[in-house]
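Engineer: To start, I am sharing the structure in question, which I have written as structure tokens.
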Amino acid sequence: MRILGIETSCDETAAAIVEDGVKIISNVVASSQAMHAKFGGIIPEQAAREQVKSIIPVINEAITAYPDFDAIGVTIGPGLIGSLLVGVETAKALAYTWNKPLIPVNHLVGHIYANWLIDEKKPPKLPALVLLVSGGHSELIYMKDHGVFELIGSTRDDAAGECFDKCARILNLGYPGGPAIERAATKPSQTPLPRPLIYEKNFDFSFSGLKTAVLHRKDEDPGQIAYELQEAITDVLVKKTLKAAESLKVDSILIAGGVAANQRLREKMNLDLIPPVSLCTDNAAYIASAAFFNNRPIPWQKIDAVPDLVV
Ligand code: KG4
Ligand code: ZN
């Protein structure tokens with residue numbers, strides 16, 4: 001079964017065709033990130049306008065060589081309302097005119113399915129513990145089976161990606177902050193940054209204090225602060241994930257979301273199976289995969305964008 005995935009939750013406009021949830025047939029991503037970089041962050045109205053311009057060319061490119069597919073999967077949330085609406089309303093119009101089933105997909109659940117696109121012969125073993133770290137979310141999720149998710153920990157304030165983004169801004173390193181911090185992180189300093197909640201007996205995160213700590217040290221060498229920030233964030237993420245995996249006795253540990261593109265995090269997690277960097281940041285291939293494994297079509301009349309959707 002081939003599914004066309006459509007993703008427009010933030011500043012990427014993406015469309016992809018995936019076979020049986022595991023094999024990428026086409027995968028197209030257009031991003032308005034460079035435009036936002038000038039302003040040091042996303043301007044939602046601008047992001048939505050770019051979505052409108054890109055959506056048809058991107059879908060067209062994804063399907064031109066592969067016009068035969070069986071259903072459409074679309075991100076309905078969480079995300080920016082203006083951006084989400086572009087993908088959702090386009091998907092509804094196409095499902096109606098092409099007479100295809102339409103499957104709503106939670107963007108966060110979608111991220112997790114990047115792990116099913118690594119090697120079609122080696123799907124992740126379930127139950128799994130998922131560390132989902134993106135621009136807006138830092139969550140530990142117990143995935144018992146497809147469609148059966150339990151949130152076991154989340155951030156109490158800023159997400160890990162948000163912390164990278166805000167600190168990069170404080171340090172004048174540019175946007176998006178994660179890759180900018182990663183590039184700048186050259187040498188350790190004598191004074192490490194705190195590891196918030198690392199020894200607490202829960203699976204929650206808190207990253208807003210790190211932002212304040214960085215603000216206090218913004219006049220130091222940015223390469224050293226970037227290094228210490230990356231170490232602090234990745235230490236907390238790894239330690240808490242391993243502790244949760246141990247207590248839940250899972251068969252695998254998965255990472256997902258834009259922050260999973262971070263090389264230092266990937267090194268420290270040391271997992272057998274890890275999605276390539278290009279599948280960690282926003283794309284529509286994982287949306288198509290999630291739609292395949294959670295194939296519950298809904299009449300297009302009943303599908304709406306939900307900006308604050310949860311796992
Ligand atoms: O999943 P994603 O592409 O979009 C959301 O759904 O939010 O994640 C974007 C986040 C941004 O905060 C960005 O700074 C972060 O992922 N990110 C990284 C890296 N690449 C992207 N963080 C750390 N290291 C990276 N290499
Ligand atoms: Zn995302």
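Ligands are numbered from 1 in the order shown, residues from 1 within each chain, and chains are lettered A, B, ... in the order they appear in the structure tokens.
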With only C-alpha atoms and all ligand atoms counted, collect every polymer residue having an atom within 9 Å of ligand 1; state the result as a PyMOL selection string.
Structural biologist: chain A and resi 9-12+78-79+107-108+111+132-137+159-166+168+175-183+230+256-265+277+280-283
Engineer: List the spatial neighbours of region 37-41 of chain A as a ChimeraX atom specification - criterion: any atom at most 7 Å away, only C-alpha atoms, same-chain residues fewer than 2 positions off excluded.
Structural biologist: /A:33-35,43,169,174-176
Engineer: Residues of region 11-204 of chain A classed as helix (DSSP H, G or I) by DSSP on the backbone are to be reported as a ChimeraX atom specification.
Structural biologist: /A:33-37,44-63,81-98,107-116,160-170,177-184
Engineer: So, with only C-alpha atoms and all ligand atoms as the atoms that count, which of A:Gly147, A:Asn172, A:Asn106, A:Thr191 lies closest to ligand 2?
Structural biologist: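 Nearest to ligand 2: A:Asn106.
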Engineer: If you measure from CA of Ser208 (chain A) to CA of Leu237 (chain A), what distance in Å do you get, rounded to one decimal?
Structural biologist: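 Separation of CA of Ser208 (chain A) and CA of Leu237 (chain A): 14.4 Å.
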Engineer: Just checking: using only C-alpha atoms, which residue out of A:Ala62, A:Val74, A:Ile303, A:Ala47 ends up closest to Ala288 (chain A)?
Structural biologist: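 The answer is A:Val74, which sits nearest to Ala288 (chain A).
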Engineer: Go through A:Phe207, A:Leu126, A:Gly153, A:Leu215 one by one, measure the shortest atom-to-atom distance of each to Leu171 (chain A) using only C-alpha atoms, and give the residue with the smallest value.
Structural biologist: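 Using only C-alpha atoms, Leu171 (chain A) sits closest to A:Leu215.
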Engineer: Quick one: residues within 7 Å of Ala15 (chain A), only C-alpha atoms, excluding same-chain residues fewer than 2 positions away - as a list in words?
Structural biologist: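 So, after excluding close chain neighbours, the residues are Leu4, Gly5, Ile6, Glu7, Asn27, Val28, Val29, Val58, Ile59, Ala62 and Ala284 of chain A.
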Engineer: Output the selection as an mmCIF file, in the first residue's frame - C-alpha atoms for each residue.
Structural biologist:
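Once written, selection_5.cif looks like this:
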data_model
loop_
_atom_site.group_PDB
_atom_site.id
_atom_site.type_symbol
_atom_site.label_atom_id
_atom_site.label_comp_id
_atom_site.auth_asym_id
_atom_site.auth_seq_id
_atom_site.Cartn_x
_atom_site.Cartn_y
_atom_site.Cartn_z
ATOM 1 C CA LEU A 4 1.008 10.181 0.105
ATOM 2 C CA GLY A 5 2.090 12.067 3.247
ATOM 3 C CA ILE A 6 1.622 15.824 3.604
ATOM 4 C CA GLU A 7 3.316 17.867 6.354
ATOM 5 C CA ASN A 27 10.408 12.570 -0.362
ATOM 6 C CA VAL A 28 10.292 16.321 -1.034
ATOM 7 C CA VAL A 29 10.902 19.072 1.539
ATOM 8 C CA VAL A 58 5.961 20.199 -3.488
ATOM 9 C CA ILE A 59 3.072 17.716 -3.767
ATOM 10 C CA ALA A 62 6.439 14.088 -4.895
ATOM 11 C CA ALA A 284 6.399 13.978 5.150
#
Engineer: Can you tell me, as a PyMOL selection string, which residues in region 4-120 of chain A count as strand (DSSP E) by DSSP?
Structural biologist: chain A and resi 4-7+12-19+23-31+71-77+102-106
Engineer: Given only C-alpha atoms as the basis, pick out the residue of A:Thr13, A:Glu61, A:Tyr142, A:Asn295 nearest to Glu246 (chain A).
Structural biologist: A:Tyr142
Engineer: One decimal, Å: what's the distance from CA of Val306 (chain A) over to CA of Val88 (chain A), could you say?
Structural biologist: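 Separation of CA of Val306 (chain A) and CA of Val88 (chain A): 9.9 Å.
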Engineer: Hey, what's within 8 Å of Met143 (chain A) if we count only C-alpha atoms and toss same-chain stuff fewer than 2 positions away? As a list in words, please?
Structural biologist: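 Residues near the query, excluding close chain neighbours: Leu126, Pro127, Ala128, Leu129, Val130, Ile141, Asp145, His146, Gly147, Val148, Phe149 and Glu150 of chain A.
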Engineer: Keeping only C-alpha atoms, take the residues you just selected and write them out as a short mmCIF file (atom, residue, chain, number, x, y, z; two decimals), in the first residue's frame.
Structural biologist:
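Everything below was put into part_39.cif:
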data_model
loop_
_atom_site.label_atom_id
_atom_site.label_comp_id
_atom_site.auth_asym_id
_atom_site.auth_seq_id
_atom_site.Cartn_x
_atom_site.Cartn_y
_atom_site.Cartn_z
CA LEU A 126 8.02 -3.04 20.63
CA PRO A 127 7.41 -2.08 23.37
CA ALA A 128 9.80 0.82 22.96
CA LEU A 129 10.75 3.89 24.91
CA VAL A 130 10.86 6.98 22.71
CA ILE A 141 6.84 8.14 25.49
CA ASP A 145 2.23 -0.94 20.13
CA HIS A 146 1.27 1.01 17.02
CA GLY A 147 -1.26 3.61 18.16
CA VAL A 148 -0.75 2.79 21.86
CA PHE A 149 1.31 5.58 23.41
CA GLU A 150 1.74 6.60 27.02
#
Engineer: Mind checking which residues fall within 8 Å of Pro104 (chain A), counting only C-alpha atoms, ignoring those fewer than 6 positions away in the same chain, and posting them as a ChimeraX atom specification?
Structural biologist: /A:73-76,291,296-298,303
Engineer: Could you check how far CA of Leu193 (chain A) sits from CA of Asp219 (chain A), in Å to one decimal?
Structural biologist: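 Between CA of Leu193 (chain A) and CA of Asp219 (chain A) the gap works out to 14.7 Å.
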Engineer: As number ranges by chain, please: the residues near Phe69 (chain A) (cut-off 12 Å, only C-alpha atoms, same-chain neighbours under 3 positions excluded).
Structural biologist: A: 1-5, 16-20, 25-26, 62-66, 72-73, 95, 98-102, 288, 292
Engineer: Counting only C-alpha atoms and all ligand atoms, which residue out of A:Ser252, A:Gln51, A:Ser138, A:Thr234 sits closest to ligand 2?
Structural biologist: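 Answer, going by the shortest atom-to-atom distance: A:Ser138.
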Engineer: Let me make sure I understand: among A:Asp221, A:Pro299, A:Asp68, A:Asn60, which one has the smallest atom-to-atom distance to Pro188 (chain A) if we use only C-alpha atoms?
Structural biologist: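 Between A:Asp221, A:Pro299, A:Asp68, A:Asn60, the residue approaching Pro188 (chain A) most closely is A:Asp221.
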